[in-house]
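Single-structure report; data block below.
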Amino acid sequence: MREQIKTLPAVTVTIAAANILVWIFLEAAGSTYDSEFMTAWGAAYTPYILENGEWWRLLSCTFLHFGAEHLLNNMFIFVLTGMRLEKFLGKLPFVLLYLFSGFAGSALSFAMDLKAGEIVVSAGASGAVFGVLGGLTAAAVCNHGKVEGLTLKGLFIMLALNLYNGFTTAGVDNWGHIGGFAGGFLLCLIFCLMGIYRKD
């Protein structure tokens with residue numbers, strides 16, 4: 001029993017719980033479907049970031065979700081993938097990868113919105129979730145095509161299905177997904193090259 005407790009993916013559980021608790025708090029205080037309300041609580045909004053210098057929104061927005069379905073979809077995928085990457089990398093590198101991926105996804109989304117001249121309110125952990133998927137892909141590349149029970153082929157299929165769903169569903173921030181995946185892949189690759197991962 002003690003051994004099982006030691007091997008629990010504590011960071012994954014904590015991050016998922018934080019996202020859920022934030023959603024419950026916001027839903028109790030207002031409506032998470034309300035863009036103006038979500039902006040007031042830290043969602044990414046181009047004019048505030050660019051004109052007011054509120055760059056922190058590129059990270060705070062990754063802990064906000066538009067409704068229960070948005071939250072549950074992200075957390076379901078995150079827990080399934082995060083527990084594996086946390087086990088491979090260890091707690092601190094995993095935390096850094098999650099946060100960096102979320103920021104990278106938001107930053108690319110922000111840059112593409114500027115380029116397109118679009119003004120949107122963005123929120124969600126999907127950039128960070130795609131970053132975890134990118135991290136697992138990098139880990140598999142560096143670990144003979146497998147990582148924590150997942151193969152490189154399986155990861156590519158998972159990535160393709162998630163990207164397809166994003167591009168065929170209205171209102172999905174695909175640039176955030178791509179930026180998050182790239183950020184997670186790059187940082188995990190760096191960790192692997194530095195030898196920062198669990199060795200069997």
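Each chain in the structure tokens gets a letter, A, B, ..., in the order shown, and its residues are numbered from 1; ligands are numbered from 1 in order too.
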DSSP-assigned strand (DSSP E or B) among chain A, expressed as a ChimeraX atom specification
/A:44-45,121-122,146-147,150-151
C-alpha atoms of the current selection, written as an mmCIF file, in the first residue's frame:
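Saved result, result_13.cif, follows:
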data_model
loop_
_atom_site.group_PDB
_atom_site.id
_atom_site.type_symbol
_atom_site.label_atom_id
_atom_site.label_comp_id
_atom_site.auth_asym_id
_atom_site.auth_seq_id
_atom_site.Cartn_x
_atom_site.Cartn_y
_atom_site.Cartn_z
ATOM 1 C CA ALA A 44 -6.118 35.548 -22.883
ATOM 2 C CA TYR A 45 -7.403 38.633 -24.679
ATOM 3 C CA VAL A 121 -10.885 35.391 -25.872
ATOM 4 C CA SER A 122 -8.851 32.230 -25.331
ATOM 5 C CA LYS A 146 8.466 3.297 -26.724
ATOM 6 C CA VAL A 147 7.676 5.121 -23.489
ATOM 7 C CA LEU A 150 3.053 3.708 -25.509
ATOM 8 C CA THR A 151 4.657 3.314 -28.926
#
Please tabulate, as a Markdown table, the residues of stretch 44-139 of chain A that come within 12 Å of stretch 4-26 of chain A, each with its closest pair of atoms and the distance in Å to one decimal, counting only C-alpha atoms and ordering rows by chain, then residue number upward.
| residue | atom | partner | partner_atom | distance |
| --- | --- | --- | --- | --- |
| A:Ser60 | CA | A:Asn19 | CA | 10.8 |
| A:Cys61 | CA | A:Asn19 | CA | 10.7 |
| A:Thr62 | CA | A:Asn19 | CA | 8.7 |
| A:Phe63 | CA | A:Asn19 | CA | 5.4 |
| A:Leu64 | CA | A:Trp23 | CA | 6.6 |
| A:His65 | CA | A:Trp23 | CA | 6.6 |
| A:Phe66 | CA | A:Trp23 | CA | 8.6 |
| A:Gly67 | CA | A:Trp23 | CA | 8.0 |
| A:Ala68 | CA | A:Trp23 | CA | 8.0 |
| A:Glu69 | CA | A:Trp23 | CA | 11.2 |
| A:His70 | CA | A:Trp23 | CA | 10.4 |
| A:Leu71 | CA | A:Ile20 | CA | 7.3 |
| A:Leu72 | CA | A:Ile20 | CA | 8.5 |
| A:Asn73 | CA | A:Ala16 | CA | 11.5 |
| A:Asn74 | CA | A:Ala16 | CA | 9.2 |
| A:Met75 | CA | A:Ala16 | CA | 6.1 |
| A:Phe76 | CA | A:Ala16 | CA | 9.0 |
| A:Ile77 | CA | A:Ala16 | CA | 10.5 |
| A:Phe78 | CA | A:Ala16 | CA | 7.7 |
| A:Val79 | CA | A:Thr12 | CA | 6.3 |
| A:Leu80 | CA | A:Thr12 | CA | 9.3 |
| A:Thr81 | CA | A:Thr12 | CA | 9.2 |
| A:Gly82 | CA | A:Thr12 | CA | 5.8 |
| A:Met83 | CA | A:Pro9 | CA | 5.3 |
| A:Arg84 | CA | A:Pro9 | CA | 8.2 |
| A:Leu85 | CA | A:Thr12 | CA | 9.2 |
| A:Glu86 | CA | A:Pro9 | CA | 6.6 |
| A:Lys87 | CA | A:Pro9 | CA | 7.0 |
| A:Phe88 | CA | A:Pro9 | CA | 10.6 |
| A:Leu89 | CA | A:Pro9 | CA | 11.3 |
| A:Gly90 | CA | A:Val11 | CA | 9.2 |
| A:Lys91 | CA | A:Val11 | CA | 6.3 |
| A:Leu92 | CA | A:Val11 | CA | 8.6 |
| A:Pro93 | CA | A:Val11 | CA | 10.5 |
| A:Phe94 | CA | A:Val11 | CA | 7.9 |
| A:Val95 | CA | A:Val11 | CA | 7.2 |
| A:Leu96 | CA | A:Val11 | CA | 11.0 |
| A:Leu97 | CA | A:Val11 | CA | 11.8 |
| A:Tyr98 | CA | A:Ile15 | CA | 9.3 |
| A:Leu99 | CA | A:Ile15 | CA | 10.3 |
| A:Ala123 | CA | A:Trp23 | CA | 11.5 |
| A:Gly124 | CA | A:Asn19 | CA | 9.4 |
| A:Ala125 | CA | A:Asn19 | CA | 8.4 |
| A:Ser126 | CA | A:Asn19 | CA | 11.7 |
| A:Ala128 | CA | A:Ile15 | CA | 10.9 |
| A:Val129 | CA | A:Ala16 | CA | 10.8 |
| A:Val132 | CA | A:Thr12 | CA | 10.7 |
Nearest to A:Gly195: which of A:Ala139, A:Ala107, A:Leu163, A:Leu155 is it, counting only C-alpha atoms?
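Ranking A:Ala139, A:Ala107, A:Leu163, A:Leu155 by distance to A:Gly195, first place goes to A:Ala139.
Candidate residues A:Ile157, A:Ile196, A:Leu108, A:Leu114 were compared for distance to A:Phe181, and the nearest is A:Leu108, using only C-alpha atoms.
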Show which residues sit within 12 Å of A:Ala116, as a list in words. Count only C-alpha atoms, and ignore same-chain residues fewer than 6 positions away.
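The contact residues come out as Thr46, Ser109 and Phe110 of chain A.
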Could you pull out the residues in stretch 1-199 of chain A that DSSP calls alpha helix (DSSP H) from the backbone, as a VMD selection string?
chain A and resid 2 to 6 10 to 29 35 to 40 46 to 52 57 to 60 67 to 89 91 to 116 126 to 142 152 to 167 174 to 193
